[in-house]
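As provided, input-v7.cif (mmCIF, C-alpha atoms and all ligand atoms) reads as follows.
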data_entry
loop_
_atom_site.group_PDB
_atom_site.id
_atom_site.type_symbol
_atom_site.label_atom_id
_atom_site.label_comp_id
_atom_site.auth_asym_id
_atom_site.auth_seq_id
_atom_site.Cartn_x
_atom_site.Cartn_y
_atom_site.Cartn_z
ATOM 1 C CA MET A 281 84.702 120.042 -18.649
ATOM 2 C CA SER A 282 86.885 120.650 -15.590
ATOM 3 C CA ARG A 283 90.490 121.652 -16.134
ATOM 4 C CA ILE A 284 93.464 121.080 -13.890
ATOM 5 C CA ASN A 285 94.917 124.389 -12.762
ATOM 6 C CA LEU A 286 98.675 123.976 -12.896
ATOM 7 C CA ASN A 287 99.192 127.425 -11.369
ATOM 8 C CA HIS A 288 97.489 126.645 -8.070
ATOM 9 C CA LYS A 289 99.364 127.233 -4.850
ATOM 10 C CA HIS A 290 100.399 124.416 -2.545
ATOM 11 C CA PRO A 291 99.317 124.927 1.109
ATOM 12 C CA MET A 292 103.001 124.817 2.106
ATOM 13 C CA ASP A 293 104.181 127.370 -0.463
ATOM 14 C CA ALA A 294 104.647 129.994 2.257
ATOM 15 C CA TYR A 295 107.274 127.769 3.874
ATOM 16 C CA LEU A 296 109.104 126.738 0.714
ATOM 17 C CA ARG A 297 111.564 128.533 -1.535
ATOM 18 C CA THR A 298 109.285 128.093 -4.524
ATOM 19 C CA ASP A 299 111.761 129.821 -6.820
ATOM 20 C CA ARG A 300 113.871 126.632 -6.480
ATOM 21 C CA ILE A 301 111.054 124.380 -7.660
ATOM 22 C CA PRO A 302 111.068 122.046 -9.587
ATOM 23 C CA HIS A 303 112.929 120.047 -6.986
ATOM 24 C CA ILE A 304 115.469 117.353 -7.770
ATOM 25 C CA TRP A 305 113.561 114.385 -6.332
ATOM 26 C CA CYS A 306 112.495 111.551 -8.631
ATOM 27 C CA PRO A 307 108.837 110.630 -9.193
ATOM 28 C CA GLY A 308 107.763 108.221 -6.446
ATOM 29 C CA CYS A 309 110.502 109.304 -4.027
ATOM 30 C CA GLY A 310 109.274 109.655 -0.448
ATOM 31 C CA ILE A 311 111.411 112.628 0.600
ATOM 32 C CA GLY A 312 108.845 115.213 -0.563
ATOM 33 C CA THR A 313 106.158 113.470 1.502
ATOM 34 C CA VAL A 314 108.372 113.551 4.597
ATOM 35 C CA LEU A 315 109.126 117.238 4.001
ATOM 36 C CA GLU A 316 105.412 118.075 3.796
ATOM 37 C CA VAL A 317 104.742 116.058 6.961
ATOM 38 C CA PHE A 318 107.637 117.778 8.711
ATOM 39 C CA LEU A 319 106.294 121.240 7.856
ATOM 40 C CA THR A 320 102.828 120.260 9.105
ATOM 41 C CA GLY A 321 104.290 118.874 12.330
ATOM 42 C CA LEU A 322 106.405 121.986 12.766
ATOM 43 C CA LEU A 323 103.415 124.311 12.344
ATOM 44 C CA LYS A 324 101.429 122.214 14.836
ATOM 45 C CA SER A 325 104.249 122.490 17.380
ATOM 46 C CA GLY A 326 103.593 126.214 17.720
ATOM 47 C CA LEU A 327 107.328 126.955 17.742
ATOM 48 C CA ALA A 328 108.277 130.460 16.625
ATOM 49 C CA LEU A 329 109.493 129.935 13.080
ATOM 50 C CA ASP A 330 112.100 132.687 13.350
ATOM 51 C CA LYS A 331 113.781 130.564 16.046
ATOM 52 C CA VAL A 332 113.798 127.349 14.029
ATOM 53 C CA VAL A 333 116.930 126.397 12.115
ATOM 54 C CA ILE A 334 117.213 123.515 9.651
ATOM 55 C CA VAL A 335 120.560 121.840 9.046
ATOM 56 C CA SER A 336 121.149 119.229 6.357
ATOM 57 C CA GLY A 337 124.124 117.277 5.139
ATOM 58 C CA ILE A 338 124.683 115.970 1.626
ATOM 59 C CA GLY A 339 122.479 113.626 -0.373
ATOM 60 C CA CYS A 340 118.973 113.575 -1.806
ATOM 61 C CA THR A 341 117.470 114.355 1.618
ATOM 62 C CA GLY A 342 120.122 116.996 2.248
ATOM 63 C CA ARG A 343 118.494 119.118 -0.450
ATOM 64 C CA VAL A 344 115.688 119.862 1.998
ATOM 65 C CA ALA A 345 117.725 122.698 3.514
ATOM 66 C CA GLY A 346 117.620 124.463 0.162
ATOM 67 C CA TYR A 347 113.855 124.177 -0.245
ATOM 68 C CA ILE A 348 112.603 125.168 3.219
ATOM 69 C CA LYS A 349 111.993 128.895 3.649
ATOM 70 C CA LEU A 350 113.432 129.108 7.144
ATOM 71 C CA ASP A 351 116.963 129.778 8.326
ATOM 72 C CA SER A 352 118.688 126.749 6.884
ATOM 73 C CA PHE A 353 122.178 125.433 6.308
ATOM 74 C CA HIS A 354 123.315 122.883 3.739
ATOM 75 C CA THR A 355 126.537 121.648 5.262
ATOM 76 C CA THR A 356 129.309 119.316 4.135
ATOM 77 C CA HIS A 357 128.863 115.541 4.007
ATOM 78 C CA GLY A 358 128.252 114.021 7.441
ATOM 79 C CA ARG A 359 128.846 117.270 9.306
ATOM 80 C CA ALA A 360 125.279 118.421 9.890
ATOM 81 C CA LEU A 361 125.362 117.345 13.556
ATOM 82 C CA PRO A 362 128.516 119.191 14.676
ATOM 83 C CA PHE A 363 127.309 122.234 12.742
ATOM 84 C CA ALA A 364 123.930 121.993 14.483
ATOM 85 C CA THR A 365 125.602 121.498 17.881
ATOM 86 C CA GLY A 366 127.578 124.697 17.365
ATOM 87 C CA LEU A 367 124.429 126.606 16.466
ATOM 88 C CA LYS A 368 122.624 125.372 19.571
ATOM 89 C CA LEU A 369 125.475 126.092 21.963
ATOM 90 C CA ALA A 370 126.086 129.554 20.516
ATOM 91 C CA ASN A 371 122.401 130.470 20.615
ATOM 92 C CA PRO A 372 120.427 128.291 23.062
ATOM 93 C CA GLU A 373 117.167 130.040 22.092
ATOM 94 C CA LEU A 374 117.162 128.278 18.732
ATOM 95 C CA LYS A 375 115.229 125.101 17.957
ATOM 96 C CA VAL A 376 117.759 123.237 15.866
ATOM 97 C CA VAL A 377 116.593 120.501 13.500
ATOM 98 C CA VAL A 378 118.874 118.215 11.537
ATOM 99 C CA PHE A 379 117.040 116.854 8.482
ATOM 100 C CA SER A 380 119.197 114.421 6.544
ATOM 101 C CA GLY A 381 119.549 110.952 5.072
ATOM 102 C CA ASP A 382 120.733 107.648 6.484
ATOM 103 C CA GLY A 383 124.070 107.656 4.645
ATOM 104 C CA ASP A 384 124.919 111.178 5.690
ATOM 105 C CA LEU A 385 123.892 110.708 9.333
ATOM 106 C CA PHE A 386 125.061 107.169 10.026
ATOM 107 C CA SER A 387 128.078 106.576 7.809
ATOM 108 C CA ILE A 388 130.050 109.742 7.183
ATOM 109 C CA GLY A 389 128.342 111.392 10.171
ATOM 110 C CA GLY A 390 128.021 108.275 12.331
ATOM 111 C CA ASN A 391 130.522 109.304 14.930
ATOM 112 C CA HIS A 392 128.903 112.720 15.273
ATOM 113 C CA PHE A 393 125.541 111.042 15.764
ATOM 114 C CA ILE A 394 126.540 108.873 18.703
ATOM 115 C CA HIS A 395 128.301 111.749 20.446
ATOM 116 C CA ALA A 396 125.474 114.263 19.956
ATOM 117 C CA ALA A 397 123.080 111.663 21.418
ATOM 118 C CA ARG A 398 125.491 110.789 24.243
ATOM 119 C CA ARG A 399 125.768 114.469 25.193
ATOM 120 C CA ASN A 400 122.001 114.870 24.890
ATOM 121 C CA VAL A 401 122.376 118.063 22.893
ATOM 122 C CA ASP A 402 118.960 119.690 22.719
ATOM 123 C CA MET A 403 118.025 119.158 19.051
ATOM 124 C CA THR A 404 115.789 117.078 16.796
ATOM 125 C CA VAL A 405 117.133 114.762 14.114
ATOM 126 C CA LEU A 406 114.799 113.685 11.323
ATOM 127 C CA CYS A 407 116.390 110.884 9.296
ATOM 128 C CA VAL A 408 114.905 109.839 5.976
ATOM 129 C CA ASN A 409 116.033 106.224 5.650
ATOM 130 C CA ASN A 410 115.849 104.823 2.118
ATOM 131 C CA PHE A 411 118.551 102.192 2.738
ATOM 132 C CA THR A 412 120.938 103.573 0.129
ATOM 133 C CA TYR A 413 123.027 106.427 -1.206
ATOM 134 C CA GLY A 414 120.476 107.587 -3.768
ATOM 135 C CA MET A 415 122.191 110.709 -5.059
ATOM 136 C CA THR A 416 125.452 108.978 -5.936
ATOM 137 C CA GLY A 417 123.915 105.976 -7.661
ATOM 138 C CA GLY A 418 122.698 103.438 -5.104
ATOM 139 C CA GLN A 419 125.746 102.256 -3.189
ATOM 140 C CA ALA A 420 125.306 100.133 -0.047
ATOM 141 C CA ALA A 421 124.715 102.317 3.019
ATOM 142 C CA PRO A 422 125.113 101.481 6.723
ATOM 143 C CA THR A 423 121.367 100.830 6.730
ATOM 144 C CA THR A 424 121.147 98.557 3.669
ATOM 145 C CA PRO A 425 119.475 95.320 4.846
ATOM 146 C CA LEU A 426 121.391 92.047 4.636
ATOM 147 C CA THR A 427 121.074 90.408 1.180
ATOM 148 C CA ALA A 428 119.676 93.590 -0.433
ATOM 149 C CA ARG A 429 121.238 94.484 -3.757
ATOM 150 C CA SER A 430 123.017 97.751 -4.410
ATOM 151 C CA THR A 431 125.537 98.977 -6.946
ATOM 152 C CA THR A 432 128.330 98.010 -4.538
ATOM 153 C CA SER A 433 126.699 94.751 -3.449
ATOM 154 C CA PRO A 434 125.334 93.364 -6.730
ATOM 155 C CA TYR A 435 125.118 89.824 -5.293
ATOM 156 C CA GLY A 436 123.510 90.987 -2.057
ATOM 157 C CA ASN A 437 124.722 92.964 0.961
ATOM 158 C CA TYR A 438 126.707 90.983 3.517
ATOM 159 C CA GLU A 439 127.374 93.812 6.002
ATOM 160 C CA GLN A 440 125.198 93.874 9.109
ATOM 161 C CA PRO A 441 123.202 97.156 8.944
ATOM 162 C CA PHE A 442 122.615 99.614 11.752
ATOM 163 C CA ASN A 443 119.297 99.455 13.533
ATOM 164 C CA ILE A 444 118.821 103.230 13.807
ATOM 165 C CA PRO A 445 116.409 103.321 16.790
ATOM 166 C CA TYR A 446 118.673 100.964 18.762
ATOM 167 C CA LEU A 447 121.759 103.012 17.948
ATOM 168 C CA ALA A 448 119.983 106.211 18.984
ATOM 169 C CA ALA A 449 118.584 104.728 22.202
ATOM 170 C CA ALA A 450 121.865 103.083 23.184
ATOM 171 C CA SER A 451 123.728 106.336 22.559
ATOM 172 C CA GLY A 452 121.407 108.300 24.850
ATOM 173 C CA ALA A 453 118.585 109.828 22.796
ATOM 174 C CA VAL A 454 115.591 110.789 24.947
ATOM 175 C CA TYR A 455 112.999 110.399 22.202
ATOM 176 C CA VAL A 456 113.087 107.784 19.433
ATOM 177 C CA ALA A 457 110.341 106.986 16.924
ATOM 178 C CA ARG A 458 110.108 105.290 13.545
ATOM 179 C CA TRP A 459 107.413 105.518 10.878
ATOM 180 C CA THR A 460 107.235 105.060 7.115
ATOM 181 C CA ALA A 461 106.191 107.502 4.413
ATOM 182 C CA VAL A 462 102.710 106.005 4.458
ATOM 183 C CA HIS A 463 102.142 106.771 8.166
ATOM 184 C CA VAL A 464 101.777 110.490 7.539
ATOM 185 C CA ARG A 465 99.592 111.352 10.555
ATOM 186 C CA ARG A 466 101.615 109.289 13.010
ATOM 187 C CA LEU A 467 104.866 110.609 11.592
ATOM 188 C CA GLU A 468 103.534 114.138 11.942
ATOM 189 C CA THR A 469 102.605 113.531 15.597
ATOM 190 C CA SER A 470 106.062 112.121 16.345
ATOM 191 C CA ILE A 471 107.734 115.063 14.640
ATOM 192 C CA THR A 472 105.703 117.504 16.730
ATOM 193 C CA GLU A 473 106.514 115.568 19.916
ATOM 194 C CA ALA A 474 110.198 115.382 19.028
ATOM 195 C CA LEU A 475 110.344 119.109 18.315
ATOM 196 C CA LEU A 476 108.820 119.884 21.715
ATOM 197 C CA LYS A 477 111.011 117.395 23.577
ATOM 198 C CA LYS A 478 113.934 118.793 25.533
ATOM 199 C CA GLY A 479 117.073 116.891 24.628
ATOM 200 C CA PHE A 480 118.248 114.795 21.712
ATOM 201 C CA SER A 481 115.304 113.394 19.765
ATOM 202 C CA LEU A 482 115.366 111.160 16.710
ATOM 203 C CA VAL A 483 112.589 110.384 14.245
ATOM 204 C CA GLU A 484 113.320 107.854 11.509
ATOM 205 C CA ALA A 485 111.138 108.023 8.404
ATOM 206 C CA ILE A 486 111.447 104.946 6.168
ATOM 207 C CA SER A 487 111.035 106.167 2.624
ATOM 208 C CA PRO A 488 111.087 104.649 -0.875
ATOM 209 C CA CYS A 489 113.874 105.255 -3.383
ATOM 210 C CA PRO A 490 112.321 103.797 -6.527
ATOM 211 C CA THR A 491 115.106 104.990 -8.815
ATOM 212 C CA VAL A 492 117.975 102.986 -7.389
ATOM 213 C CA TYR A 493 117.238 100.908 -4.265
ATOM 214 C CA GLY A 494 113.716 100.014 -5.336
ATOM 215 C CA ARG A 495 114.748 99.155 -8.902
ATOM 216 C CA MET A 496 117.685 96.999 -7.819
ATOM 217 C CA ASN A 497 115.546 95.145 -5.294
ATOM 218 C CA ARG A 498 112.462 94.856 -7.505
ATOM 219 C CA GLN A 499 110.265 96.690 -5.052
ATOM 220 C CA PRO A 500 106.814 97.947 -5.996
ATOM 221 C CA THR A 501 106.604 101.584 -7.037
ATOM 222 C CA GLY A 502 104.283 104.525 -6.411
ATOM 223 C CA LEU A 503 101.069 103.730 -4.588
ATOM 224 C CA ASP A 504 101.958 100.028 -4.645
ATOM 225 C CA HIS A 505 104.967 100.845 -2.450
ATOM 226 C CA MET A 506 102.710 102.660 0.008
ATOM 227 C CA LYS A 507 100.487 99.572 0.037
ATOM 228 C CA TYR A 508 103.603 97.477 0.690
ATOM 229 C CA TYR A 509 104.481 99.678 3.696
ATOM 230 C CA ARG A 510 100.950 99.484 5.014
ATOM 231 C CA GLU A 511 100.794 95.711 4.724
ATOM 232 C CA ASN A 512 104.264 95.114 6.142
ATOM 233 C CA SER A 513 104.373 97.546 9.056
ATOM 234 C CA ILE A 514 103.608 96.520 12.609
ATOM 235 C CA ILE A 515 102.833 99.321 15.048
ATOM 236 C CA LYS A 516 104.448 98.486 18.356
ATOM 237 C CA HIS A 517 104.858 101.423 20.725
ATOM 238 C CA ASP A 518 107.457 100.940 23.468
ATOM 239 C CA ALA A 519 109.064 98.065 21.539
ATOM 240 C CA ASP A 520 112.556 97.232 22.728
ATOM 241 C CA PRO A 521 114.784 99.076 20.197
ATOM 242 C CA ARG A 522 117.027 95.988 20.072
ATOM 243 C CA GLU A 523 114.165 94.146 18.452
ATOM 244 C CA VAL A 524 113.331 96.505 15.598
ATOM 245 C CA ASP A 525 115.947 95.396 13.057
ATOM 246 C CA ILE A 526 114.822 95.666 9.455
ATOM 247 C CA GLU A 527 115.249 92.622 7.236
ATOM 248 C CA GLN A 528 115.053 92.645 3.479
ATOM 249 C CA ASN A 529 111.374 92.242 2.529
ATOM 250 C CA GLY A 530 110.583 91.624 6.203
ATOM 251 C CA LYS A 531 108.139 93.308 8.541
ATOM 252 C CA ILE A 532 108.914 96.872 9.644
ATOM 253 C CA ILE A 533 108.238 97.592 13.297
ATOM 254 C CA VAL A 534 107.147 101.211 13.711
ATOM 255 C CA GLY A 535 106.073 103.323 16.675
ATOM 256 C CA LYS A 536 107.404 105.452 19.480
ATOM 257 C CA PHE A 537 110.091 103.412 21.198
ATOM 258 C CA VAL A 538 111.718 105.832 23.650
ATOM 259 C CA ASP A 539 110.408 108.854 25.541
ATOM 260 C CA ILE A 540 112.484 109.535 28.655
ATOM 261 C CA GLU A 541 113.930 112.474 30.552
ATOM 262 C CA ARG A 542 117.556 113.179 31.321
ATOM 263 C CA PRO A 543 119.599 116.368 31.698
ATOM 264 C CA THR A 544 120.782 117.967 28.477
ATOM 265 C CA PHE A 545 124.348 118.890 27.622
ATOM 266 C CA SER A 546 123.627 122.530 28.513
ATOM 267 C CA ASP A 547 122.000 121.591 31.852
ATOM 268 C CA ILE A 548 125.059 119.609 32.946
ATOM 269 C CA GLN A 549 127.466 122.193 31.590
ATOM 270 C CA ALA A 550 125.752 124.941 33.599
ATOM 271 C CA GLN A 551 125.787 122.754 36.710
ATOM 272 C CA VAL A 552 129.472 121.867 36.447
ATOM 273 C CA LEU A 553 130.770 125.284 35.398
ATOM 274 C CA GLY A 554 128.445 127.018 37.847
ATOM 275 C CA LYS A 555 130.377 125.468 40.735
ATOM 276 C CA THR A 556 133.515 127.281 39.616
ATOM 277 C CA PHE A 557 132.251 130.433 37.985
ATOM 278 C CA GLY A 558 128.844 130.944 39.643
ATOM 279 C CA ALA A 559 125.450 130.306 38.091
ATOM 280 C CA GLU A 560 124.927 133.898 36.991
ATOM 281 C CA ALA A 561 128.267 134.136 35.222
ATOM 282 C CA VAL A 562 127.549 130.880 33.374
ATOM 283 C CA ALA A 563 124.054 132.042 32.402
ATOM 284 C CA THR A 564 125.332 135.340 31.023
ATOM 285 C CA GLY A 565 128.488 133.875 29.527
ATOM 286 C CA ALA A 566 130.633 136.266 31.586
ATOM 287 C CA LYS A 567 134.116 135.222 32.627
ATOM 288 C CA ARG A 568 135.255 135.250 36.250
ATOM 289 C CA LYS A 569 137.534 138.201 36.889
HETATM 290 FE FE1 LIG B 601 114.648 109.834 -4.086
HETATM 291 FE FE2 LIG B 601 116.210 107.784 -4.786
HETATM 292 FE FE3 LIG B 601 115.630 109.688 -6.574
HETATM 293 FE FE4 LIG B 601 117.231 110.216 -4.507
HETATM 294 S S1 LIG B 601 117.644 108.774 -6.189
HETATM 295 S S2 LIG B 601 115.563 111.504 -5.236
HETATM 296 S S3 LIG B 601 116.307 108.971 -2.853
HETATM 297 S S4 LIG B 601 114.170 108.255 -5.624
#

Using structure tokens, write down the structure that the file contains.
Amino acid sequence: MSRINLNHKHPMDAYLRTDRIPHIWCPGCGIGTVLEVFLTGLLKSGLALDKVVIVSGIGCTGRVAGYIKLDSFHTTHGRALPFATGLKLANPELKVVVFSGDGDLFSIGGNHFIHAARRNVDMTVLCVNNFTYGMTGGQAAPTTPLTARSTTSPYGNYEQPFNIPYLAAASGAVYVARWTAVHVRRLETSITEALLKKGFSLVEAISPCPTVYGRMNRQPTGLDHMKYYRENSIIKHDADPREVDIEQNGKIIVGKFVDIERPTFSDIQAQVLGKTFGAEAVATGAKRK
């Protein structure tokens, strides 16, 4: 009779702080899947891992920073982006990744998001969007679809949600993609592309929260939720980001929507300051005497 070996190693153990396992995520939550896909996409990118930094905010997804065995920072609520911007500007050699949830990035951190994208700071943002504040009990988030129930909208949400790809594209992101937790290979490819893209890149990963959002909205759980994603997703590369709104129980348009080039914050800074201080002084950080 075969036995299940509970002491086996996971292929990603080398990149996880296994001493912190068991993790906090609920059974059926999609964050662990997105983390595994992220690590696979990161390894495929070929980036030197000692130059990769992970920054998270607060929330269920924010716990990622504590589980990844790379240089990582678990920052205050909504402040992952300014923290990450500081890291990148202080040490341009770093590949800075912000890995956080929709509430953290688009409510408390919403202003930071639009300005980091506007400046085209060279970093990658991976947003796990589960349409709610899971950790604090399922309150309505800036991404909660109209009519969806939450603990703060028990009769249905009546606030127009953000369309994350549209917000990112309109703010100036050079790479924007959206997938769900069932599109693991496509999500992995987008993560690798985003990591290798120069400039501000955003990947949105739609993910189930069966404990609060899913329960309040009577969504299927476990594999049935993955089936739901598969049956309700429409792959549409190059879709106009204005047309990828998510409606409660509606179709989810996924794909790569934006992949453009424009100068980064550091490129323009060097150009502007170089006129006054000289290109070499700007490159070395030296001050004009
Ligand atoms: Fe995941 Fe929701 Fe549980 Fe948070 S509360 S870990 S988002 S299932």

Please identify the residues whose atoms come within 12 Å of ligand LIG 601 (chain B), using all atoms listed in the file, and report them as a VMD selection string.
-> chain A and resid 303 to 314 338 to 344 380 to 383 408 to 419 486 to 496 501 to 502

Quick one: residues within 10 Å of segment 474-478 of chain A, only C-alpha atoms counted, chain neighbours fewer than 2 positions away excluded, as a PyMOL selection string?
-> chain A and resi 321-322+325-327+332+375-377+400-406+454-457+468-472+480-483+539-544

Do you know which residues are at most 6 Å from segment 432-448 of chain A counting only C-alpha atoms, after dropping those on the same chain fewer than 4 positions away, and could you put them as JSON, numbers by chain?
-> {"A": [419, 420, 422, 423, 424, 425, 426, 427, 428, 453, 521, 522, 525]}

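For the pair atom CA of Lys324 of chain A and atom CA of Glu473 of chain A, the interatomic distance is 9.8 Å.
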
Scan for residues within 8 Å of the point (103.9, 104.8, 0.1) in the coordinates of the file, using all atoms listed in the file, and reply as a PyMOL selection string.
-> chain A and resi 310+460-462+487-488+502-510
